[in-house]
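Everything below concerns the one structure shown next.
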Amino acid sequence: MRRIIITIAAMALSAAPASASAQAIAGQWTNYKKNVVVQVERCGAAYCGRVVQASAKAQAKARKGGTPNLVGTQILTGLKPIGDGKFRGKAFVPKRNIHATATVRQLSDDVMQVQGCVLGGLLCDNEKWTRVTS
C-alpha cells in the first residue's frame with residue numbers, strides 16, 4: 001500500500017511542471033522585432049497562436065508572401081506538451097507562405113523560443129518571443 005501511495009505521489013509531482021508550463025504558454029507574445037503580436041490560447045486539447053496585431057510593414061511582407069490578411073491568421077497550431085517545458089505542433093510563416101514543424105520552449109515566464117523546421121529538420125529558424133504585458 002505504501003508503495004502505491006509513493007508511486008501516485010511521484011506521478012502527481014512529475015505532472016505538475018507540465019501543467020504549469022502549459023498554463024504559462026497562454027497569453028500574448030511578440031516577436032523579437034516587436035512588429036507582430038500573437039495570442040496563444042487553448043484550442044481543443046492543444047494550444048494555437050493567432051496574430052492579433054501587426055505593423056504595416058509586417059502586413060505588407062505577409063501580403064507579398066501570399067497571406068492577404070495577416071491579422072487573424074493562425075500561425076501556430078496543435079502545440080502539445082512534450083515535456084521539459086517544450087511544445088510541438090505546426091507553424092505557418094506568412095511572409096514565405098510555408099508550413100513547418102514547430103517546437104516552442106518556455107525559457108521563463110516571459111520568454112519563449114519558437115523554432116520552425118522544414119525538410120525533416122534540415123532547415124530550421126528560431127526566434128525568442130517575449131510576453132506582452134498590459
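Residue numbers start at 1 in each chain; chains themselves are named A, B, ... in the order of the C-alpha cells; ligands are numbered from 1 in the order shown.
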
Residues of chain A in helix (DSSP H, G or I), written as a PyMOL selection string: chain A and resi 2-25+56-65+119-121

Write out, as JSON lines, each residue of region 69-113 of chain A that has an atom at most 9 Å from region 30-44 of chain A, together with the closest pair of atoms and their distance in Å to one decimal, counting only C-alpha atoms, rows going by chain and rising number.
```
{"residue": "A:Val71", "atom": "CA", "partner": "A:Val36", "partner_atom": "CA", "distance": 8.9}
{"residue": "A:Gln74", "atom": "CA", "partner": "A:Val38", "partner_atom": "CA", "distance": 8.8}
{"residue": "A:Ile75", "atom": "CA", "partner": "A:Val38", "partner_atom": "CA", "distance": 8.3}
{"residue": "A:Leu76", "atom": "CA", "partner": "A:Val40", "partner_atom": "CA", "distance": 8.1}
{"residue": "A:Thr77", "atom": "CA", "partner": "A:Cys43", "partner_atom": "CA", "distance": 8.3}
{"residue": "A:Gly78", "atom": "CA", "partner": "A:Cys43", "partner_atom": "CA", "distance": 7.7}
```

How would the residues just chosen look if you wrote them out with N, CA and C atoms as a PDB file, in the first residue's frame?
```
ATOM      1  N   VAL A  71      -3.401  39.854 -39.816  1.00  0.00           N
ATOM      2  CA  VAL A  71      -4.139  39.883 -38.552  1.00  0.00           C
ATOM      3  C   VAL A  71      -5.308  38.904 -38.657  1.00  0.00           C
ATOM      4  N   GLN A  74      -3.881  32.243 -38.169  1.00  0.00           N
ATOM      5  CA  GLN A  74      -3.371  31.308 -37.168  1.00  0.00           C
ATOM      6  C   GLN A  74      -1.990  30.859 -37.631  1.00  0.00           C
ATOM      7  N   ILE A  75      -0.972  31.164 -36.826  1.00  0.00           N
ATOM      8  CA  ILE A  75       0.395  30.819 -37.231  1.00  0.00           C
ATOM      9  C   ILE A  75       0.992  29.681 -36.400  1.00  0.00           C
ATOM     10  N   LEU A  76       0.362  29.331 -35.292  1.00  0.00           N
ATOM     11  CA  LEU A  76       0.770  28.164 -34.502  1.00  0.00           C
ATOM     12  C   LEU A  76      -0.452  27.282 -34.306  1.00  0.00           C
ATOM     13  N   THR A  77      -0.316  25.989 -34.565  1.00  0.00           N
ATOM     14  CA  THR A  77      -1.441  25.067 -34.387  1.00  0.00           C
ATOM     15  C   THR A  77      -0.977  23.777 -33.737  1.00  0.00           C
ATOM     16  N   GLY A  78      -1.878  23.176 -32.993  1.00  0.00           N
ATOM     17  CA  GLY A  78      -1.650  21.849 -32.425  1.00  0.00           C
ATOM     18  C   GLY A  78      -0.471  21.726 -31.494  1.00  0.00           C
TER      19      GLY A  78
END
```

Interatomic distance (Å, one decimal) between CA of Cys48 (chain A) and CA of Leu79 (chain A): 6.3 Å

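Neighbours of Ala60 (chain A) closer than or equal to 12 Å, with only C-alpha atoms counted and sequence neighbours fewer than 3 positions away skipped, come out as Asn35, Ala54, Ser55, Ala56, Lys57, Arg63, Lys64, Gly65, Gly66, Thr67, Pro68, Asn69, Leu70, Val71, Pro94 and Lys95 of chain A.
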
Atom-to-atom span, CA of Ala102 (chain A) and CA of Gln53 (chain A), Å: 20.9 Å

From A:Val118, A:Met112, A:Leu123, A:Ala45, residue lying nearest Phe92 (chain A) [only C-alpha atoms]: A:Val118
